[in-house]
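Have a look at run_2.cif below; it lists mmCIF, C-alpha atoms.
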data_input
#
loop_
_atom_site.group_PDB
_atom_site.id
_atom_site.type_symbol
_atom_site.label_atom_id
_atom_site.label_comp_id
_atom_site.auth_asym_id
_atom_site.auth_seq_id
_atom_site.Cartn_x
_atom_site.Cartn_y
_atom_site.Cartn_z
ATOM 1 C CA MET A 1 0.000 0.000 0.000
ATOM 2 C CA ARG A 2 1.235 3.488 -0.802
ATOM 3 C CA LYS A 3 0.243 7.061 -0.017
ATOM 4 C CA LEU A 4 -1.724 9.094 -2.535
ATOM 5 C CA THR A 5 0.254 10.663 -5.373
ATOM 6 C CA LEU A 6 -0.299 13.775 -7.437
ATOM 7 C CA ASP A 7 -1.688 11.621 -10.252
ATOM 8 C CA ASP A 8 -4.159 10.093 -7.783
ATOM 9 C CA THR A 9 -5.450 13.570 -6.960
ATOM 10 C CA PHE A 10 -6.205 14.248 -10.628
ATOM 11 C CA ASN A 11 -8.094 10.962 -10.830
ATOM 12 C CA ALA A 12 -9.897 11.795 -7.590
ATOM 13 C CA ALA A 13 -10.941 15.172 -9.019
ATOM 14 C CA GLU A 14 -12.742 13.350 -11.826
ATOM 15 C CA LEU A 15 -14.579 11.154 -9.313
ATOM 16 C CA ILE A 16 -15.439 14.172 -7.156
ATOM 17 C CA GLU A 17 -17.018 15.866 -10.156
ATOM 18 C CA MET A 18 -18.736 12.714 -11.382
ATOM 19 C CA PHE A 19 -20.309 12.032 -7.970
ATOM 20 C CA GLN A 20 -21.104 15.742 -7.434
ATOM 21 C CA LEU A 21 -19.423 15.545 -4.024
ATOM 22 C CA PRO A 22 -19.436 19.305 -3.316
ATOM 23 C CA GLU A 23 -23.232 19.304 -3.607
ATOM 24 C CA VAL A 24 -23.500 16.134 -1.518
ATOM 25 C CA TYR A 25 -21.205 17.638 1.121
ATOM 26 C CA ALA A 26 -23.302 20.817 1.227
ATOM 27 C CA ARG A 27 -26.443 18.749 1.890
ATOM 28 C CA LEU A 28 -24.701 16.690 4.562
ATOM 29 C CA ALA A 29 -23.270 19.810 6.193
ATOM 30 C CA LYS A 30 -26.831 20.880 6.965
ATOM 31 C CA ALA A 31 -27.672 17.504 8.526
ATOM 32 C CA ASP A 32 -28.029 16.933 12.259
ATOM 33 C CA ARG A 33 -24.629 15.929 13.673
ATOM 34 C CA SER A 34 -25.778 15.312 17.236
ATOM 35 C CA ASP A 35 -25.499 11.570 16.534
ATOM 36 C CA PRO A 36 -22.074 11.039 14.870
ATOM 37 C CA THR A 37 -22.784 7.389 14.097
ATOM 38 C CA GLY A 38 -26.101 8.238 12.471
ATOM 39 C CA PHE A 39 -24.443 11.010 10.468
ATOM 40 C CA ALA A 40 -21.697 8.632 9.288
ATOM 41 C CA ILE A 41 -24.297 6.081 8.234
ATOM 42 C CA GLN A 42 -26.255 8.779 6.398
ATOM 43 C CA ALA A 43 -23.089 9.899 4.576
ATOM 44 C CA LEU A 44 -22.263 6.303 3.673
ATOM 45 C CA ILE A 45 -25.763 5.715 2.291
ATOM 46 C CA VAL A 46 -25.539 8.868 0.162
ATOM 47 C CA PHE A 47 -22.186 7.700 -1.210
ATOM 48 C CA MET A 48 -23.503 4.199 -1.892
ATOM 49 C CA LYS A 49 -26.442 5.644 -3.828
ATOM 50 C CA GLN A 50 -24.058 7.745 -5.900
ATOM 51 C CA ALA A 51 -21.932 4.671 -6.659
ATOM 52 C CA GLY A 52 -24.981 2.567 -7.447
ATOM 53 C CA THR A 53 -24.127 1.524 -10.983
ATOM 54 C CA ASP A 54 -21.596 -1.100 -11.998
ATOM 55 C CA GLU A 55 -19.832 1.496 -14.131
ATOM 56 C CA ASN A 56 -19.469 3.939 -11.215
ATOM 57 C CA ARG A 57 -18.280 1.225 -8.842
ATOM 58 C CA LYS A 58 -15.690 0.135 -11.411
ATOM 59 C CA LYS A 59 -14.344 3.695 -11.517
ATOM 60 C CA ILE A 60 -13.963 3.648 -7.731
ATOM 61 C CA TYR A 61 -12.237 0.243 -7.779
ATOM 62 C CA ASP A 62 -9.910 1.395 -10.547
ATOM 63 C CA PHE A 63 -9.047 4.556 -8.622
ATOM 64 C CA LEU A 64 -8.366 2.783 -5.309
ATOM 65 C CA ALA A 65 -6.458 -0.082 -6.956
ATOM 66 C CA GLY A 66 -3.486 2.252 -7.518
ATOM 67 C CA PRO A 67 -2.805 3.257 -3.906
ATOM 68 C CA PHE A 68 -3.826 -0.200 -2.668
ATOM 69 C CA GLU A 69 -1.302 -1.638 -5.126
ATOM 70 C CA SER A 70 -3.797 -4.272 -6.183
ATOM 71 C CA THR A 71 -6.103 -4.978 -9.072
ATOM 72 C CA ALA A 72 -9.637 -3.630 -9.200
ATOM 73 C CA GLU A 73 -10.913 -7.217 -8.898
ATOM 74 C CA GLU A 74 -8.810 -7.854 -5.764
ATOM 75 C CA LEU A 75 -10.077 -4.622 -4.247
ATOM 76 C CA LYS A 76 -13.674 -5.523 -5.094
ATOM 77 C CA ALA A 77 -13.307 -8.819 -3.169
ATOM 78 C CA MET A 78 -11.579 -7.230 -0.149
ATOM 79 C CA PRO A 79 -13.436 -7.234 3.194
ATOM 80 C CA LEU A 80 -15.063 -3.858 3.835
ATOM 81 C CA LEU A 81 -13.180 -3.164 7.072
ATOM 82 C CA ASP A 82 -9.856 -3.882 5.327
ATOM 83 C CA VAL A 83 -10.802 -1.335 2.661
ATOM 84 C CA ALA A 84 -11.759 1.226 5.326
ATOM 85 C CA LYS A 85 -8.471 0.708 7.195
ATOM 86 C CA GLY A 86 -6.552 0.938 3.937
ATOM 87 C CA ILE A 87 -8.236 4.201 3.012
ATOM 88 C CA CYS A 88 -7.254 5.616 6.398
ATOM 89 C CA GLU A 89 -3.685 4.456 5.776
ATOM 90 C CA ILE A 90 -3.322 5.916 2.279
ATOM 91 C CA ALA A 91 -5.073 9.196 3.107
ATOM 92 C CA ASP A 92 -4.278 9.973 6.731
ATOM 93 C CA VAL A 93 -6.865 12.469 7.976
ATOM 94 C CA ASP A 94 -4.439 14.335 10.250
ATOM 95 C CA ASP A 95 -1.889 14.722 7.432
ATOM 96 C CA TRP A 96 -4.584 16.111 5.119
ATOM 97 C CA LYS A 97 -5.908 18.484 7.790
ATOM 98 C CA ALA A 98 -2.407 19.839 8.370
ATOM 99 C CA PHE A 99 -1.831 20.227 4.637
ATOM 100 C CA LEU A 100 -5.158 21.948 3.983
ATOM 101 C CA ASN A 101 -4.689 24.264 6.967
ATOM 102 C CA SER A 102 -1.243 25.258 5.680
ATOM 103 C CA VAL A 103 -2.706 25.960 2.224
ATOM 104 C CA ARG A 104 -5.508 28.016 3.773
ATOM 105 C CA SER A 105 -3.046 30.041 5.869
ATOM 106 C CA THR A 106 -1.093 31.100 2.761
ATOM 107 C CA LYS A 107 -4.077 33.039 1.352
#

Take the structure from the file and write it as structure tokens.
Amino acid sequence: MRKLTLDDTFNAAELIEMFQLPEVYARLAKADRSDPTGFAIQALIVFMKQAGTDENRKKIYDFLAGPFESTAEELKAMPLLDVAKGICEIADVDDWKAFLNSVRSTK
């Protein structure tokens, strides 16, 4: 498994646009966050609906196969919790927060 690369970010930008994630995020931002588990489930359901077609799921598998250093078929067969842990490993939330905060502070 490897960290995300610059090329991965370009591929991610295509997925972000395809799944209309800014609009989805705006809707979720207005949701009740008093129950974090419920909010996470709601966000997951929204994402699953967006990825509902075989073609869209294939695009996700193809994207994640790079950082996971596997094939799309191997990724598709991977246990869900292994995928979740892998995503946390390749895109560490704290690293991204620090990076985005440093970018924001340069404005």

Of the listed residues A:Ala65, A:Val46, A:Ala72, A:Ala12, that which approaches Val24 in chain A most closely, counting only C-alpha atoms: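 Among A:Ala65, A:Val46, A:Ala72, A:Ala12, it is A:Val46 that comes nearest to Val24 in chain A.
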
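Between CA of Ala43 in chain A and CA of Ile16 in chain A lies a distance of 14.6 Å.
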
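The spacing separating CA of Glu89 in chain A from CA of Met1 in chain A amounts to 8.2 Å.
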
For each of A:Lys97, A:Tyr61, A:Lys30, A:Gln42, take the minimum atom-to-atom distance to Ala77 in chain A, counting all atoms listed in the file, then give the residue where this is smallest. A:Tyr61

Extract, using only C-alpha atoms, all DNA, RNA and protein residues at most 12 Å from Ser70 in chain A, discarding same-chain residues fewer than 4 positions from it, and format them as a short mmCIF file (atom, residue, chain, number, x, y, z; two decimals) with C-alpha atoms, keeping the file's coordinate frame.
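Output contents, as saved in selection_7.cif:
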data_model
loop_
_atom_site.label_atom_id
_atom_site.label_comp_id
_atom_site.auth_asym_id
_atom_site.auth_seq_id
_atom_site.Cartn_x
_atom_site.Cartn_y
_atom_site.Cartn_z
CA MET A 1 0.00 0.00 0.00
CA ARG A 2 1.24 3.49 -0.80
CA TYR A 61 -12.24 0.24 -7.78
CA ASP A 62 -9.91 1.40 -10.55
CA PHE A 63 -9.05 4.56 -8.62
CA LEU A 64 -8.37 2.78 -5.31
CA ALA A 65 -6.46 -0.08 -6.96
CA GLY A 66 -3.49 2.25 -7.52
CA GLU A 74 -8.81 -7.85 -5.76
CA LEU A 75 -10.08 -4.62 -4.25
CA LYS A 76 -13.67 -5.52 -5.09
CA ALA A 77 -13.31 -8.82 -3.17
CA MET A 78 -11.58 -7.23 -0.15
CA VAL A 83 -10.80 -1.34 2.66
CA GLY A 86 -6.55 0.94 3.94
#

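Going from CA of Lys59 in chain A to CA of Leu15 in chain A covers 7.8 Å.
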
Around all the atoms of range 93-106 of chain A listed in the file, with 5 Å of room on each side, what axis-aligned box do you get, giving centre and edge lengths in Å to one decimal, as JSON?
{"center_x": -4.0, "center_y": 21.8, "center_z": 6.2, "size_x": 15.8, "size_y": 28.6, "size_z": 18.0}

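The nearest approach to Phe47 in chain A among the residues A:Phe99, A:Ile60, A:Phe19, A:Pro67, with all atoms listed in the file taken into account, belongs to A:Phe19.
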
From the list A:Arg104, A:Lys49, A:Ile90, A:Glu55, which residue is nearest Phe68 in chain A when using all atoms listed in the file?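 With all atoms listed in the file as the atom set, the closest residue is A:Ile90.
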